[in-house]
$ cat coords-v7.cif   # mmCIF, C-alpha atoms and all ligand atoms
data_data
#
loop_
_atom_site.label_atom_id
_atom_site.label_comp_id
_atom_site.auth_asym_id
_atom_site.auth_seq_id
_atom_site.Cartn_x
_atom_site.Cartn_y
_atom_site.Cartn_z
CA MET A 1 0.00 0.00 0.00
CA ASN A 2 1.35 3.42 -0.79
CA ASP A 3 1.78 6.17 1.78
CA GLN A 4 -1.28 8.08 0.66
CA ARG A 5 -3.52 5.04 1.00
CA ILE A 6 -2.14 4.23 4.43
CA PHE A 7 -2.87 7.76 5.55
CA SER A 8 -6.38 7.79 4.08
CA ASN A 9 -7.22 4.58 5.88
CA ALA A 10 -5.95 6.03 9.13
CA GLU A 11 -7.91 9.20 8.57
CA GLU A 12 -11.04 7.13 8.04
CA ARG A 13 -10.52 5.26 11.30
CA TYR A 14 -10.28 8.52 13.24
CA GLN A 15 -13.18 9.97 11.28
CA GLU A 16 -15.40 7.10 12.44
CA LEU A 17 -14.82 8.33 15.98
CA GLY A 18 -15.61 11.89 15.04
CA VAL A 19 -11.99 13.09 14.97
CA GLU A 20 -11.07 15.58 12.24
CA VAL A 21 -7.55 14.61 11.23
CA GLN A 22 -7.02 17.53 8.84
CA ASN A 23 -7.97 19.96 11.53
CA ALA A 24 -5.60 18.29 13.99
CA LEU A 25 -2.75 18.53 11.49
CA MET A 26 -3.45 22.19 10.86
CA ARG A 27 -3.39 22.99 14.57
CA LEU A 28 -0.21 21.02 15.07
CA ALA A 29 1.50 22.79 12.17
CA ALA A 30 0.74 26.14 13.81
CA LEU A 31 2.13 25.15 17.20
CA PRO A 32 5.60 26.49 17.98
CA LEU A 33 7.82 24.79 20.52
CA SER A 34 10.49 26.90 22.12
CA ILE A 35 13.66 24.88 21.52
CA HIS A 36 16.27 25.41 24.23
CA CYS A 37 19.74 26.32 22.99
CA TRP A 38 21.50 24.59 25.91
CA GLN A 39 21.31 20.94 24.84
CA ALA A 40 23.84 21.78 22.10
CA ASP A 41 26.73 22.38 24.50
CA ASP A 42 25.72 20.98 27.90
CA VAL A 43 24.63 24.40 29.21
CA GLY A 44 28.12 25.78 28.54
CA GLY A 45 27.50 29.16 26.92
CA PHE A 46 30.01 31.55 25.41
CA GLU A 47 31.34 33.56 28.28
CA THR A 48 35.07 33.96 28.82
CA PRO A 49 36.78 32.45 30.59
CA ASP A 50 34.62 29.38 30.18
CA ALA A 51 32.49 29.32 33.28
CA LYS A 52 31.77 25.75 34.18
CA LEU A 53 28.33 24.56 35.13
CA SER A 54 28.24 25.10 38.86
CA GLY A 55 26.43 26.74 41.69
CA GLY A 56 23.07 25.99 40.22
CA GLY A 57 21.70 22.71 41.41
CA ILE A 58 21.67 21.55 37.82
CA GLN A 59 24.01 18.99 36.39
CA VAL A 60 25.00 17.63 33.02
CA THR A 61 26.72 14.29 32.74
CA GLY A 62 28.46 12.75 29.75
CA ASN A 63 31.21 13.69 27.35
CA TYR A 64 29.93 12.55 24.00
CA PRO A 65 32.17 14.16 21.38
CA GLY A 66 31.18 17.01 19.11
CA LYS A 67 29.50 19.59 21.28
CA ALA A 68 29.13 23.11 19.90
CA ARG A 69 32.03 25.37 20.94
CA THR A 70 31.26 28.59 19.11
CA LEU A 71 28.32 30.68 18.02
CA GLU A 72 28.79 29.47 14.46
CA GLU A 73 28.77 25.85 15.55
CA ILE A 74 25.70 26.17 17.72
CA ARG A 75 23.81 27.96 14.97
CA THR A 76 24.69 25.27 12.44
CA ASP A 77 23.58 22.63 14.93
CA LEU A 78 20.30 24.40 15.64
CA GLN A 79 19.58 24.82 11.94
CA THR A 80 20.14 21.11 11.46
CA VAL A 81 17.79 20.37 14.34
CA SER A 82 15.17 22.61 12.83
CA SER A 83 15.47 20.84 9.47
CA LEU A 84 14.57 17.60 11.27
CA LEU A 85 11.58 18.90 13.22
CA PRO A 86 8.24 19.43 11.51
CA GLY A 87 6.94 22.97 11.97
CA ASN A 88 8.27 26.43 12.69
CA HIS A 89 9.72 26.65 16.14
CA ARG A 90 11.17 29.25 18.44
CA LEU A 91 14.56 29.27 20.09
CA ALA A 92 15.13 29.90 23.80
CA LEU A 93 18.46 31.55 24.58
CA HIS A 94 20.24 31.91 27.90
CA ALA A 95 22.02 35.13 28.81
CA SER A 96 25.33 33.24 28.84
CA TYR A 97 25.02 32.58 25.09
CA GLY A 98 25.62 36.15 23.92
CA ASP A 99 28.05 37.25 21.27
CA PHE A 100 30.73 38.56 23.62
CA ALA A 101 33.46 38.64 20.96
CA GLY A 102 36.07 37.18 23.29
CA ARG A 103 35.63 39.95 25.87
CA LYS A 104 34.71 39.46 29.50
CA VAL A 105 31.20 40.76 29.93
CA ASP A 106 29.90 40.16 33.43
CA ARG A 107 26.28 39.17 33.91
CA ASP A 108 25.16 42.61 35.00
CA GLN A 109 26.68 44.08 31.83
CA VAL A 110 24.87 41.95 29.24
CA ALA A 111 23.07 44.16 26.74
CA PRO A 112 21.02 44.03 23.55
CA GLU A 113 24.16 44.48 21.44
CA HIS A 114 25.34 41.03 22.57
CA PHE A 115 22.21 39.49 21.11
CA ASP A 116 21.85 41.55 17.97
CA GLY A 117 23.60 38.85 15.97
CA TRP A 118 21.18 36.24 17.31
CA ALA A 119 18.25 38.48 16.38
CA ASP A 120 19.55 38.91 12.83
CA TRP A 121 20.21 35.21 12.47
CA ALA A 122 16.80 34.26 13.83
CA GLY A 123 15.11 36.92 11.72
CA SER A 124 16.70 35.60 8.54
CA LEU A 125 15.33 32.14 9.35
CA GLY A 126 11.94 33.36 10.55
CA ILE A 127 12.54 32.01 14.06
CA GLY A 128 11.14 33.75 17.17
CA LEU A 129 13.40 34.07 20.21
CA ASP A 130 12.74 33.60 23.92
CA PHE A 131 15.18 34.42 26.69
CA ASN A 132 16.39 33.23 30.10
CA SER A 133 18.44 35.05 32.71
CA THR A 134 21.46 32.99 33.80
CA PHE A 135 21.75 32.76 37.58
CA PHE A 136 24.15 29.82 37.77
CA SER A 137 27.75 29.02 36.76
CA HIS A 138 29.03 32.24 38.28
CA PRO A 139 31.15 32.98 41.37
CA LEU A 140 28.36 35.15 42.81
CA ALA A 141 26.03 32.15 42.69
CA ASP A 142 28.42 29.88 44.57
CA SER A 143 26.89 30.66 47.97
CA GLY A 144 23.66 29.09 46.75
CA PHE A 145 21.77 32.38 46.92
CA THR A 146 21.29 35.04 44.24
CA LEU A 147 18.13 37.17 44.27
CA SER A 148 17.41 36.12 47.85
CA SER A 149 20.96 36.55 49.10
CA LYS A 150 21.40 38.29 52.44
CA ASP A 151 24.57 39.81 51.04
CA ASP A 152 23.26 43.00 49.55
CA LYS A 153 26.10 43.25 47.03
CA VAL A 154 25.29 39.81 45.68
CA ARG A 155 21.55 40.47 45.58
CA ARG A 156 22.03 43.82 43.80
CA PHE A 157 24.30 42.22 41.22
CA TRP A 158 21.64 39.67 40.29
CA ILE A 159 18.87 42.27 40.25
CA ARG A 160 20.93 44.19 37.70
CA HIS A 161 21.40 40.99 35.73
CA ALA A 162 17.68 40.29 35.51
CA GLN A 163 16.94 43.91 34.63
CA ALA A 164 19.51 43.71 31.83
CA CYS A 165 17.95 40.46 30.62
CA ARG A 166 14.48 41.97 30.48
CA LYS A 167 15.87 44.84 28.45
CA ILE A 168 17.44 42.35 26.03
CA SER A 169 14.20 40.37 25.85
CA ALA A 170 12.15 43.48 25.08
CA PHE A 171 14.69 44.42 22.41
CA LEU A 172 14.40 40.96 20.83
CA GLY A 173 10.61 41.05 21.05
CA GLU A 174 10.42 44.41 19.35
CA LYS A 175 12.82 43.36 16.65
CA GLN A 176 10.99 40.12 15.90
CA GLY A 177 7.56 41.68 16.13
CA SER A 178 6.26 39.12 18.65
CA PRO A 179 6.66 38.92 22.42
CA CYS A 180 9.85 37.38 23.72
CA ILE A 181 9.24 35.38 26.89
CA HIS A 182 11.79 36.21 29.55
CA ASN A 183 11.92 33.29 31.94
CA LEU A 184 13.47 33.56 35.37
CA TRP A 185 14.77 30.58 37.29
CA ILE A 186 17.13 30.95 40.24
CA PRO A 187 18.93 28.16 42.08
CA ASP A 188 18.50 29.76 45.51
CA GLY A 189 18.20 27.33 48.35
CA ALA A 190 20.04 25.38 50.99
CA LYS A 191 21.29 21.88 51.60
CA ASP A 192 20.16 21.64 55.17
CA LEU A 193 17.50 22.76 57.58
CA THR A 194 16.95 26.46 57.16
CA VAL A 195 15.23 28.54 59.76
CA ASP A 196 14.74 31.92 58.13
CA ARG A 197 12.70 30.71 55.19
CA PHE A 198 10.44 33.70 55.59
CA GLY A 199 13.35 36.11 55.43
CA TYR A 200 14.79 34.66 52.23
CA ARG A 201 11.40 34.64 50.56
CA ARG A 202 10.78 38.22 51.67
CA LEU A 203 14.05 39.23 50.00
CA LEU A 204 13.08 37.41 46.82
CA VAL A 205 9.79 39.31 46.66
CA GLU A 206 11.69 42.57 47.08
CA SER A 207 14.20 41.67 44.37
CA LEU A 208 11.49 40.62 41.93
CA ASP A 209 9.47 43.77 42.52
CA GLU A 210 12.54 45.79 41.69
CA ILE A 211 13.29 43.72 38.59
CA TYR A 212 9.76 44.12 37.24
CA LYS A 213 9.43 47.79 38.14
CA GLN A 214 10.30 48.78 34.60
CA ASP A 215 7.30 48.40 32.30
CA TYR A 216 7.76 47.14 28.77
CA ASP A 217 5.29 46.81 25.94
CA PRO A 218 3.58 43.42 26.45
CA GLY A 219 3.76 43.03 22.70
CA HIS A 220 7.54 42.84 23.12
CA LEU A 221 8.07 41.15 26.45
CA LYS A 222 6.28 38.64 28.66
CA ASP A 223 7.77 37.61 32.01
CA SER A 224 7.57 34.12 33.44
CA LEU A 225 8.82 32.63 36.70
CA GLU A 226 9.92 29.02 37.10
CA SER A 227 9.65 27.21 40.41
CA LYS A 228 11.51 24.16 41.63
CA LEU A 229 11.10 21.56 44.34
CA PHE A 230 14.73 20.87 45.16
CA GLY A 231 18.14 20.70 43.52
CA ILE A 232 21.56 19.26 44.21
CA GLY A 233 22.74 21.31 47.16
CA SER A 234 19.27 22.70 47.81
CA GLU A 235 17.59 19.58 49.14
CA ALA A 236 16.15 21.10 52.28
CA PHE A 237 14.98 24.46 51.05
CA VAL A 238 14.26 26.12 47.73
CA VAL A 239 13.32 29.78 47.99
CA GLY A 240 11.45 29.90 44.66
CA SER A 241 9.00 27.09 45.32
CA HIS A 242 5.77 26.50 43.40
CA GLU A 243 3.57 28.19 46.01
CA PHE A 244 5.94 31.13 46.13
CA TYR A 245 5.84 31.86 42.41
CA MET A 246 2.18 31.01 42.07
CA GLY A 247 1.42 33.66 44.63
CA TYR A 248 3.86 36.09 43.14
CA ALA A 249 2.76 35.62 39.53
CA LEU A 250 -0.95 35.77 40.34
CA SER A 251 -0.60 38.91 42.42
CA ARG A 252 1.70 40.66 39.95
CA GLY A 253 0.21 39.60 36.61
CA LYS A 254 3.22 37.50 35.58
CA LEU A 255 3.31 34.11 33.88
CA ILE A 256 3.97 30.86 35.71
CA CYS A 257 6.46 28.45 34.16
CA LEU A 258 5.92 24.81 35.08
CA ASP A 259 8.96 22.63 34.50
CA THR A 260 7.84 19.00 34.35
CA GLY A 261 10.93 17.95 36.33
CA HIS A 262 10.33 20.37 39.18
CA PHE A 263 7.67 18.61 41.23
CA HIS A 264 7.33 15.54 43.40
CA PRO A 265 7.90 12.47 41.22
CA THR A 266 4.31 11.27 41.62
CA GLU A 267 2.73 14.69 41.22
CA SER A 268 0.80 15.19 37.98
CA ILE A 269 1.73 18.34 36.05
CA ALA A 270 -1.17 17.61 33.71
CA ASP A 271 -3.60 18.06 36.59
CA LYS A 272 -2.29 21.57 37.24
CA VAL A 273 -3.41 22.80 33.82
CA SER A 274 -7.14 22.97 34.47
CA ALA A 275 -6.53 24.39 37.94
CA LEU A 276 -4.21 27.22 36.94
CA PHE A 277 -6.11 28.12 33.79
CA GLN A 278 -9.09 29.06 35.97
CA PHE A 279 -7.02 32.04 37.07
CA VAL A 280 -4.52 32.85 34.33
CA GLU A 281 -4.66 33.59 30.61
CA GLU A 282 -1.42 31.90 29.61
CA LEU A 283 1.02 29.34 30.95
CA VAL A 284 4.63 28.54 30.18
CA PHE A 285 6.03 25.01 30.26
CA HIS A 286 9.48 23.49 30.34
CA VAL A 287 9.08 19.96 29.08
CA SER A 288 11.71 17.74 30.59
CA ARG A 289 12.00 14.11 31.69
CA PRO A 290 12.89 13.58 35.32
CA MET A 291 14.22 10.20 36.31
CA ARG A 292 14.19 9.76 40.09
CA TRP A 293 15.03 13.46 40.37
CA ASP A 294 15.15 16.56 38.14
CA SER A 295 17.61 14.80 35.86
CA ASP A 296 16.67 16.53 32.60
CA HIS A 297 16.74 13.38 30.47
CA VAL A 298 15.85 13.63 26.79
CA VAL A 299 12.09 13.91 26.41
CA ILE A 300 10.34 10.82 25.04
CA LEU A 301 6.71 10.04 24.29
CA SER A 302 5.88 9.18 27.90
CA ASP A 303 2.48 8.87 29.54
CA ASP A 304 3.11 12.03 31.59
CA LEU A 305 3.79 14.07 28.50
CA LYS A 306 0.79 12.66 26.63
CA GLU A 307 -1.45 13.48 29.56
CA LEU A 308 -0.10 17.02 29.82
CA CYS A 309 -0.74 17.69 26.13
CA ALA A 310 -4.18 16.10 26.34
CA GLU A 311 -5.06 18.45 29.20
CA LEU A 312 -3.90 21.51 27.25
CA VAL A 313 -6.14 20.51 24.37
CA ARG A 314 -9.11 19.51 26.55
CA SER A 315 -8.96 22.77 28.46
CA GLY A 316 -9.10 24.64 25.17
CA LYS A 317 -5.82 26.31 26.08
CA LEU A 318 -3.40 24.98 23.51
CA GLU A 319 -2.88 28.34 21.84
CA GLN A 320 -2.43 30.04 25.23
CA SER A 321 0.35 27.67 26.25
CA HIS A 322 3.99 28.42 25.59
CA VAL A 323 5.77 25.12 25.51
CA GLY A 324 9.54 25.01 25.71
CA LEU A 325 11.91 22.07 25.92
CA ASP A 326 14.36 21.79 28.79
CA PHE A 327 16.70 18.83 28.88
CA PHE A 328 20.43 18.33 28.55
CA ASP A 329 22.23 15.07 28.20
CA GLY A 330 25.90 14.87 27.26
CA THR A 331 26.03 11.09 26.93
CA LEU A 332 24.59 10.81 23.44
CA ASN A 333 24.57 12.54 20.10
CA ARG A 334 23.29 15.98 21.07
CA ILE A 335 21.60 16.72 17.78
CA GLY A 336 19.85 13.37 17.99
CA ALA A 337 18.74 14.27 21.52
CA TYR A 338 17.13 17.46 20.27
CA VAL A 339 15.43 15.72 17.39
CA LEU A 340 14.02 12.93 19.55
CA GLY A 341 12.85 15.27 22.28
CA GLY A 342 11.30 17.76 19.89
CA ARG A 343 9.58 15.10 17.85
CA ALA A 344 8.29 13.36 20.98
CA ALA A 345 6.72 16.60 22.20
CA LEU A 346 5.08 17.18 18.83
CA LYS A 347 3.79 13.60 18.74
CA ALA A 348 2.28 14.04 22.17
CA PHE A 349 0.42 17.10 20.92
CA LEU A 350 -0.75 15.28 17.81
CA LEU A 351 -2.04 12.39 19.92
CA ALA A 352 -3.87 14.91 22.08
CA LEU A 353 -5.41 16.57 19.04
CA LEU A 354 -6.55 13.18 17.74
CA LEU A 355 -8.56 12.24 20.83
CA PRO A 356 -12.36 12.12 20.50
CA HIS A 357 -12.80 14.70 23.27
CA GLU A 358 -16.52 15.30 22.73
CA GLN A 359 -17.43 11.63 22.80
CA LEU A 360 -15.31 11.01 25.90
CA LYS A 361 -17.01 13.89 27.66
CA ARG A 362 -20.43 12.60 26.68
CA TYR A 363 -19.70 9.18 28.18
CA GLU A 364 -18.47 10.89 31.33
CA GLU A 365 -21.57 13.05 31.66
CA GLU A 366 -23.79 10.03 31.07
CA GLY A 367 -21.96 8.24 33.85
CA ASP A 368 -20.77 5.51 31.49
CA PHE A 369 -17.32 5.17 32.97
CA PHE A 370 -16.74 1.82 31.30
CA ALA A 371 -17.22 3.36 27.85
CA ARG A 372 -15.02 6.33 28.75
CA LEU A 373 -12.19 4.03 29.80
CA ALA A 374 -12.75 1.69 26.84
CA LEU A 375 -12.54 4.53 24.33
CA LEU A 376 -9.38 5.90 25.96
CA GLU A 377 -7.91 2.41 25.63
CA GLU A 378 -9.07 2.03 22.03
CA MET A 379 -7.26 5.25 21.10
CA LYS A 380 -3.96 3.66 22.04
CA SER A 381 -4.02 1.29 19.08
CA LEU A 382 -5.36 3.59 16.40
CA PRO A 383 -3.02 4.12 13.40
CA PHE A 384 -1.39 7.21 14.83
CA GLY A 385 1.95 6.57 13.08
CA ALA A 386 0.39 7.03 9.65
CA VAL A 387 -0.92 10.45 10.63
CA TRP A 388 2.43 11.48 12.10
CA ASP A 389 4.22 10.34 8.93
CA GLU A 390 1.80 12.39 6.85
CA HIS A 391 2.53 15.43 9.02
CA CYS A 392 6.27 14.98 8.44
CA ARG A 393 5.71 14.65 4.69
CA ARG A 394 3.58 17.77 4.56
CA MET A 395 6.16 19.70 6.56
CA ASN A 396 8.98 18.41 4.36
CA VAL A 397 11.01 16.73 7.05
CA PRO A 398 12.28 13.15 7.24
CA LEU A 399 10.09 10.37 8.59
CA ASP A 400 11.06 8.69 11.88
CA ARG A 401 12.71 5.85 10.03
CA GLU A 402 15.01 8.31 8.24
CA VAL A 403 16.05 10.24 11.33
CA ILE A 404 18.84 7.96 12.52
CA GLU A 405 20.61 8.14 9.18
CA ARG A 406 20.18 11.92 8.98
CA VAL A 407 21.62 12.45 12.44
CA HIS A 408 24.50 10.07 11.70
CA ARG A 409 25.24 11.91 8.48
CA TYR A 410 25.51 15.25 10.27
CA GLU A 411 27.76 13.62 12.82
CA ARG A 412 30.02 12.19 10.12
CA GLU A 413 30.20 15.41 8.18
CA VAL A 414 30.20 18.00 10.97
CA THR A 415 30.25 17.22 14.69
CA SER A 416 32.76 14.36 14.58
CA LYS A 417 35.29 16.79 13.11
CA ARG A 418 35.18 18.96 16.24
CA ASN A 419 37.91 18.17 18.75
C1 LIG B 501 16.79 24.29 36.21
C2 LIG B 501 15.69 24.86 35.39
C3 LIG B 501 16.11 25.81 34.31
C4 LIG B 501 17.35 25.32 33.57
C5 LIG B 501 17.70 26.14 32.36
C6 LIG B 501 19.08 25.85 31.89
O1 LIG B 501 16.37 23.33 37.08
O2 LIG B 501 14.93 23.83 34.81
O3 LIG B 501 15.06 26.07 33.46
O4 LIG B 501 17.20 24.00 33.16
O5 LIG B 501 17.47 27.45 32.60
ZN ZN B 502 13.41 24.44 33.38
#
$ encode --input "coords-v7.cif" --output "structure tokens" --more "lines below"
Ligand code: RNT
Ligand code: ZN
Amino acid sequence: MNDQRIFSNAEERYQELGVEVQNALMRLAALPLSIHCWQADDVGGFETPDAKLSGGGIQVTGNYPGKARTLEEIRTDLQTVSSLLPGNHRLALHASYGDFAGRKVDRDQVAPEHFDGWADWAGSLGIGLDFNSTFFSHPLADSGFTLSSKDDKVRRFWIRHAQACRKISAFLGEKQGSPCIHNLWIPDGAKDLTVDRFGYRRLLVESLDEIYKQDYDPGHLKDSLESKLFGIGSEAFVVGSHEFYMGYALSRGKLICLDTGHFHPTESIADKVSALFQFVEELVFHVSRPMRWDSDHVVILSDDLKELCAELVRSGKLEQSHVGLDFFDGTLNRIGAYVLGGRAALKAFLLALLLPHEQLKRYEEEGDFFARLALLEEMKSLPFGAVWDEHCRRMNVPLDREVIERVHRYEREVTSKRN
């Protein structure tokens, strides 16, 4: 059977259940992921001298050869990734990835000029940019506290950093003609029992209020805040917890960023969607894959991810959700990691768009819980792969079965030649 016939048959199967495949494909094609730049070089960045990943409760393991060492290399890598992902996606930068031209530019000195090159590059490819302040891998983060530090010099330094990053984000947003999301995550916390939790959190509120004092055009900049449960070295206390940022964001009109690795292992992120969307217009996500802890494994098509995407669609909030990827693994081909993670996220959204939501809801309202469960089970063996393949064909990117060879080819021709 040829590809077209296989797809038509699949479409018919979904159609029988009342699912409009063409509509699902159109919505998927319009959905941008925000691809993180930091899988390309293990969260290294381009500061001089090379700051090593430290002081942040985040950790990359592995030394697979071929990681990007320069701006040129990372851009080539990211273009290759984008040629292997169906759709038009955004790119999330970190402040440490500026074009510093070999000069030492401290974090409180970062400025739009260091990201002008990124803006031009992204503009020429039609890619939107998002931005993250970088509060780790820096001597002033070594104490474990940044924006909530009791050392006023340290706290002021990081306030200036975040202010500079918002200015850069607004600059990027204006230049690209669509809002740049500036996401803020800080590592602040402590390894052991901490008594002045209130004091640290009070300081964080004060720092944030100062950072967000400056108003920017919401058409250029949107601010999000990312919570965390614990990190390496901050097992006992994390200042920026979920409750903290939920309160802060709701009271200040900011966006909440939910990282799927930043909650208790058995906590459902999917369940938070319909709760938070009662009170907010938009949400930001960092899609990651925690294994036993916030390990940032490469995203795969897991049940958690499928459920999260299903909830975004069911809540009618797909277009109000800003979904970014956040993983970093140095033990395998990094381009391959991006391609797998990105494609897995897109597949999860396609699966969500292909669910017979109306029928499921009807069964639920009729109290026919057997039928609801049976239909959910039936969906698991529908010919989803044929629809995904069709999406890849329409978007002019390789099918799954061609991906391994394409990633290997880029490795042979490009990344294996890096020392
Ligand atoms: C860390 C947070 C944060 C980082 C990136 C590099 O736990 O998830 O988002 O992963 O900013
Ligand atoms: Zn994150």
$ atom_distance --input "coords-v7.cif" --atom1 "atom CA of A:Lys191" --atom2 "atom CA of A:Ile232"
7.8 Å
$ residues_near_ligand --input "coords-v7.cif" --ligand "ligand ZN 502 (chain B)" --cutoff "9 Å" --atoms "all atoms listed in the file" --output "list in words"
Trp185, Glu226, Ser227, Lys228, Cys257, Leu258, Asp259, Thr260, Gly261, His262, Phe285, His286, Val287, Ser288, Asp296, Gly324, Leu325, Asp326 and Phe327 of chain A
$ closest_residue --input "coords-v7.cif" --among "A:Val387, A:Ile186, A:Ile6, A:Ala30" --to "A:Leu229" --atoms "all atoms listed in the file"
A:Ile186
$ residues_around --input "coords-v7.cif" --residues "A:Phe328" --least-positions-apart "6" --cutoff "10 Å" --atoms "all atoms listed in the file" --output "list in words"
His36, Cys37, Trp38, Gln39, Ala40, Asp41, Asp42, Val43, Ile58, Gln59, Val60, Thr61, Gly62, Ser288, Arg289, Ser295, Asp296, His297, Val298, Val299, Arg334, Ala337 and Tyr338 of chain A
$ residues_near_point --input "coords-v7.cif" --point "(31.5, 18.6, 19.2)" --cutoff "9 Å" --atoms "all atoms listed in the file" --output "list in words"
Ala40, Asp41, Tyr64, Pro65, Gly66, Lys67, Ala68, Arg69, Glu73, Arg334, Glu411, Val414, Thr415, Ser416, Lys417, Arg418 and Asn419 of chain A
$ build_atoms --input "coords-v7.cif" --residues "stretch 359-373 of chain A" --atoms "N, CA and C atoms" --output "short mmCIF file (atom, residue, chain, number, x, y, z; two decimals), in the coordinates of the input"
data_model
loop_
_atom_site.label_atom_id
_atom_site.label_comp_id
_atom_site.auth_asym_id
_atom_site.auth_seq_id
_atom_site.Cartn_x
_atom_site.Cartn_y
_atom_site.Cartn_z
N GLN A 359 -16.83 12.93 22.47
CA GLN A 359 -17.43 11.63 22.80
C GLN A 359 -17.05 11.19 24.22
N LEU A 360 -15.78 11.40 24.55
CA LEU A 360 -15.31 11.01 25.90
C LEU A 360 -16.08 11.78 26.97
N LYS A 361 -16.29 13.06 26.70
CA LYS A 361 -17.01 13.89 27.66
C LYS A 361 -18.47 13.44 27.79
N ARG A 362 -19.04 13.08 26.64
CA ARG A 362 -20.43 12.60 26.68
C ARG A 362 -20.56 11.38 27.56
N TYR A 363 -19.66 10.39 27.34
CA TYR A 363 -19.70 9.18 28.18
C TYR A 363 -19.60 9.56 29.66
N GLU A 364 -18.69 10.48 29.94
CA GLU A 364 -18.47 10.89 31.33
C GLU A 364 -19.74 11.49 31.92
N GLU A 365 -20.37 12.38 31.14
CA GLU A 365 -21.57 13.05 31.66
C GLU A 365 -22.75 12.09 31.80
N GLU A 366 -22.74 11.05 30.95
CA GLU A 366 -23.79 10.03 31.07
C GLU A 366 -23.49 9.05 32.19
N GLY A 367 -22.33 9.17 32.78
CA GLY A 367 -21.96 8.24 33.85
C GLY A 367 -21.50 6.88 33.34
N ASP A 368 -21.22 6.79 32.04
CA ASP A 368 -20.77 5.51 31.49
C ASP A 368 -19.23 5.44 31.57
N PHE A 369 -18.77 5.13 32.74
CA PHE A 369 -17.32 5.17 32.97
C PHE A 369 -16.61 4.02 32.28
N PHE A 370 -17.34 2.91 32.07
CA PHE A 370 -16.74 1.82 31.30
C PHE A 370 -16.43 2.31 29.89
N ALA A 371 -17.41 2.94 29.24
CA ALA A 371 -17.22 3.36 27.85
C ALA A 371 -16.12 4.42 27.76
N ARG A 372 -16.07 5.31 28.74
CA ARG A 372 -15.02 6.33 28.75
C ARG A 372 -13.64 5.67 28.77
N LEU A 373 -13.48 4.70 29.68
CA LEU A 373 -12.19 4.03 29.80
C LEU A 373 -11.89 3.19 28.55
#
